[in-house]
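Engineer: Have a look at this one before I ask anything.
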Amino acid sequence: MSLQVQTLYAQLIQDLVSAEAIGVVGGRGGTFVKKEIGGRVYWYVQYREGGKQHQKYLGPDSQELQTFMKDARSSADSRAKLCAMAAAGGAHPLRGAELAVLRLLADAGVFYLGAVVVGTHAFVIYGNMLGVSWLDGVIRTQDADIADDPRLALAIHGRDQGIDLPRTLEEWTEGRFLPVPPSPLSPQDPVTSFHEPRQGLKVELLTPLIGRRSDAPVLLPSLNAAAQPLRFLDYLIEDPVPAAVVGGHGVLVNVPQPARYALHKLLIAGRRGSWEAKGRKDIAQAAALCAVLLEDLPGELILAWEALAERGKKWTSGVRSSLTHVSKGTLHGLKELGIG
């Protein structure tokens with residue numbers, strides 16, 4: 001992508017982080033409302049969190065407060081323009097149901113609690129983050145995969161309570177998001193995914209599998225929901241980074257570190273079999289990311305490999321198996337960094 005588009009993205013994420021920090025209009029999906037009490041006007045910011053409507057007192061009407069609210073509104077409009085200009089310049093935007101559900105999750109505070117976008121939606125975001133355009137074949141998906149680690153979310157952010165995600169999805173979409181029934185083999189299991197049948201979008205909750213193998217869903221107190229445990233996911237979502245979704249007024253989310261995403265894709269492809277459709281897609285995404293990182297951020301790949309190698313031979317063997325399917329140039333570049 002052009003330097004101009006990369007600059008637009010950098011400005012977008014900076015504005016989103018600022019909006020999140022002050023928690024007002026466009027930051028947490030809030031709107032300004034006024035109340036007249038005893039003949040005087042008072043202002044509040046109104047927003048929804050955990051399926052409930054909240055109001056935060058701002059203060060009595062004043063010129064300073066009017067200026068603050070005007071700036072907040074103009075900030076949201078400015079971000080919409082940044083998204084439009086970035087998309088026109090070649091950035092990959094998210095639209096429709098995909099954008100709406102990420103906006104909903106952000107407004108509900110899911111990412112504030114530490115949830116991380118994983119899967120192909122994260123890969124799409126990396127393109128905009130790194131200033132490159134991906135081929136359509138490696139970015140198509142209809143699932144928004146959200147990963148949350150129940151061991152870390154509340155401690156990292158200092159929150160002693162979370163949100164009711166199932167209720168939030170139901171209320172905010174007027175019942176369009178439906179829980180996916182558990183497997184007939186385990187009908188007692190709690191729900192770990194939600195489906196919007198009209199547009200075919202699914203939100204799936206994932207969490208790291210630590211210790212002995214188990215397919216039993218894990219309860220996430222911070223979301224009042226359950227998640228499907230997956231091996232190796234702890235490596236992927238450790239120390240995530242903030243990222244901007246291009247579309248609408250922009251959405252601030254968390255994604256894995258790009259280098260960890262690439263190596264994780266190689267790892268799981270090597271263990272599931274590169275001949276499978278998902279395995280081929282995993283390798284395609286990993287190879288594309290590695291090619292960019294080798295040129296621009298090789299140190300990130302080194303750090304990601306060191307963190308993976310510390311976990312043992314089971315982790316590194318899967319990556320080495322998949323490396324036989326990447327291009328000779330990419331393989332050579334990784335070998336020079338000591339990867340593989």
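Note on naming: chains are A, B, ... as they come in the structure tokens, residues start from 1 per chain, ligands start from 1 in the order shown.
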Skip Arg212 (chain A) itself and residues of its chain fewer than 6 positions away, then list as number ranges by chain all residues within 12 Å of it, counting only C-alpha atoms.
Structural biologist: A: 229-231
Engineer: Can I get the selection written as a PDB file, in the first residue's frame, with C-alpha atoms?
Structural biologist:
ATOM      1  CA  PRO A 229     -10.338 -25.188  24.541  1.00  0.00           C
ATOM      2  CA  LEU A 230      -7.636 -25.438  21.869  1.00  0.00           C
ATOM      3  CA  ARG A 231      -4.066 -26.626  22.212  1.00  0.00           C
TER       4      ARG A 231
END
Engineer: Identify, on the basis of only C-alpha atoms, every residue whose closest approach to Pro179 (chain A) does not exceed 7 Å; exclude the query and any residue fewer than 6 positions from it along the same chain; express the result as a PDB file with N, CA and C atoms, in the first residue's frame.
Structural biologist:
ATOM      1  N   VAL A 191     -22.952 -23.689  25.668  1.00  0.00           N
ATOM      2  CA  VAL A 191     -22.778 -23.159  24.317  1.00  0.00           C
ATOM      3  C   VAL A 191     -21.458 -22.402  24.220  1.00  0.00           C
ATOM      4  N   SER A 193     -20.556 -21.083  20.858  1.00  0.00           N
ATOM      5  CA  SER A 193     -20.623 -20.289  19.634  1.00  0.00           C
ATOM      6  C   SER A 193     -22.040 -19.811  19.388  1.00  0.00           C
ATOM      7  N   PHE A 194     -22.139 -18.747  18.612  1.00  0.00           N
ATOM      8  CA  PHE A 194     -23.419 -18.104  18.323  1.00  0.00           C
ATOM      9  C   PHE A 194     -23.515 -17.846  16.825  1.00  0.00           C
ATOM     10  N   HIS A 195     -24.716 -18.041  16.279  1.00  0.00           N
ATOM     11  CA  HIS A 195     -24.887 -18.003  14.826  1.00  0.00           C
ATOM     12  C   HIS A 195     -25.976 -17.012  14.443  1.00  0.00           C
TER      13      HIS A 195
END
Engineer: Extract, using only C-alpha atoms, all DNA, RNA and protein residues at most 9 Å from Cys83 (chain A), discarding same-chain residues fewer than 4 positions from it, and format them as number ranges by chain.
Structural biologist: A: 8-9, 12, 78-79, 87-88, 91, 93, 245-250
Engineer: Nearest residue to Asp77 (chain A) out of A:Val33, A:Val101, A:Val116, A:Leu16, using only C-alpha atoms?
Structural biologist: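 That would be A:Leu16, the residue with the smallest distance to Asp77 (chain A).
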Engineer: Could you give me the residues within region 154-270 of chain A that DSSP places in strand (DSSP E), as JSON, numbers by chain?
Structural biologist: {"A": [178, 179, 193, 194, 195, 196, 201, 202, 203, 204, 205, 206, 207, 208, 218, 219, 220, 225, 226, 227, 228, 229, 230, 241, 242, 243, 244, 245, 251, 252, 253, 254, 255]}
Engineer: If you keep N, CA and C atoms, can you produce a file of those selected residues as a compact mmCIF listing (two decimals), in the first residue's frame?
Structural biologist:
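Listed below is the output, result32.txt:
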# COMPACT_ATOMS: atom_id res chain seq x y z
N LEU A 178 -28.20 -16.48 17.53
CA LEU A 178 -28.74 -17.62 18.27
C LEU A 178 -27.61 -18.52 18.76
N PRO A 179 -27.73 -19.07 19.95
CA PRO A 179 -26.71 -20.01 20.42
C PRO A 179 -26.73 -21.28 19.59
N SER A 193 -20.56 -21.08 20.86
CA SER A 193 -20.62 -20.29 19.63
C SER A 193 -22.04 -19.81 19.39
N PHE A 194 -22.14 -18.75 18.61
CA PHE A 194 -23.42 -18.10 18.32
C PHE A 194 -23.51 -17.85 16.83
N HIS A 195 -24.72 -18.04 16.28
CA HIS A 195 -24.89 -18.00 14.83
C HIS A 195 -25.98 -17.01 14.44
N GLU A 196 -25.69 -16.23 13.41
CA GLU A 196 -26.70 -15.33 12.85
C GLU A 196 -27.08 -15.92 11.49
N LEU A 201 -23.24 -15.52 9.70
CA LEU A 201 -22.08 -15.15 10.51
C LEU A 201 -22.09 -15.91 11.83
N LYS A 202 -20.91 -16.36 12.26
CA LYS A 202 -20.80 -17.11 13.51
C LYS A 202 -19.73 -16.49 14.40
N VAL A 203 -20.04 -16.36 15.67
CA VAL A 203 -19.05 -15.94 16.66
C VAL A 203 -18.71 -17.16 17.50
N GLU A 204 -17.45 -17.52 17.50
CA GLU A 204 -17.00 -18.71 18.22
C GLU A 204 -16.03 -18.29 19.32
N LEU A 205 -16.24 -18.78 20.50
CA LEU A 205 -15.38 -18.46 21.63
C LEU A 205 -14.37 -19.59 21.83
N LEU A 206 -13.10 -19.21 21.91
CA LEU A 206 -12.01 -20.16 22.06
C LEU A 206 -11.19 -19.79 23.29
N THR A 207 -10.52 -20.78 23.84
CA THR A 207 -9.66 -20.52 24.99
C THR A 207 -8.52 -21.54 24.99
N PRO A 208 -7.37 -21.22 25.54
CA PRO A 208 -6.24 -22.16 25.52
C PRO A 208 -6.54 -23.45 26.29
N VAL A 218 -14.85 -24.64 28.46
CA VAL A 218 -14.32 -23.99 29.66
C VAL A 218 -15.12 -22.72 29.93
N LEU A 219 -15.60 -22.56 31.15
CA LEU A 219 -16.36 -21.38 31.49
C LEU A 219 -15.44 -20.16 31.58
N LEU A 220 -15.87 -19.04 31.01
CA LEU A 220 -15.15 -17.78 31.07
C LEU A 220 -15.95 -16.82 31.93
N ALA A 225 -19.79 -16.84 29.73
CA ALA A 225 -19.96 -17.72 28.59
C ALA A 225 -18.93 -18.84 28.69
N ALA A 226 -19.02 -19.79 27.77
CA ALA A 226 -18.07 -20.89 27.72
C ALA A 226 -17.30 -20.81 26.41
N ALA A 227 -16.13 -21.43 26.38
CA ALA A 227 -15.28 -21.41 25.20
C ALA A 227 -14.72 -22.79 24.94
N GLN A 228 -14.43 -23.06 23.67
CA GLN A 228 -13.84 -24.33 23.28
C GLN A 228 -12.34 -24.28 23.51
N PRO A 229 -11.79 -25.21 24.30
CA PRO A 229 -10.34 -25.19 24.54
C PRO A 229 -9.56 -25.72 23.34
N LEU A 230 -8.48 -25.03 22.98
CA LEU A 230 -7.64 -25.44 21.87
C LEU A 230 -6.17 -25.45 22.30
N VAL A 241 -1.65 -7.31 20.54
CA VAL A 241 -1.41 -5.90 20.20
C VAL A 241 -2.72 -5.27 19.76
N PRO A 242 -2.90 -3.96 20.00
CA PRO A 242 -4.11 -3.28 19.54
C PRO A 242 -4.06 -3.09 18.03
N ALA A 243 -5.23 -3.11 17.41
CA ALA A 243 -5.31 -2.95 15.96
C ALA A 243 -6.62 -2.27 15.60
N ALA A 244 -6.63 -1.66 14.41
CA ALA A 244 -7.82 -0.95 13.94
C ALA A 244 -8.50 -1.75 12.84
N VAL A 245 -9.81 -1.87 12.97
CA VAL A 245 -10.62 -2.42 11.88
C VAL A 245 -11.04 -1.26 11.00
N VAL A 251 -12.96 0.38 14.40
CA VAL A 251 -13.17 -0.41 15.61
C VAL A 251 -11.81 -0.78 16.18
N LEU A 252 -11.64 -0.56 17.48
CA LEU A 252 -10.39 -0.93 18.15
C LEU A 252 -10.52 -2.34 18.71
N VAL A 253 -9.63 -3.24 18.27
CA VAL A 253 -9.65 -4.64 18.71
C VAL A 253 -8.25 -5.04 19.15
N ASN A 254 -8.14 -6.26 19.65
CA ASN A 254 -6.85 -6.87 19.94
C ASN A 254 -6.60 -8.00 18.96
N VAL A 255 -5.37 -8.13 18.48
CA VAL A 255 -4.98 -9.24 17.61
C VAL A 255 -3.67 -9.83 18.12
Engineer: Between A:Arg280, A:Arg213, A:Arg320, A:His121, which residue has the minimum interatomic distance to Gly340 (chain A), considering only C-alpha atoms?
Structural biologist: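 Of A:Arg280, A:Arg213, A:Arg320, A:His121, the one nearest Gly340 (chain A) is A:Arg320, counting only C-alpha atoms.
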Engineer: Measuring between only C-alpha atoms, which one of A:Ala262, A:Leu337, A:Val132, A:Ile283 shows the shortest distance to Gly299 (chain A)?
Structural biologist: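 Among the listed residues, the smallest separation from Gly299 (chain A) belongs to A:Leu337.
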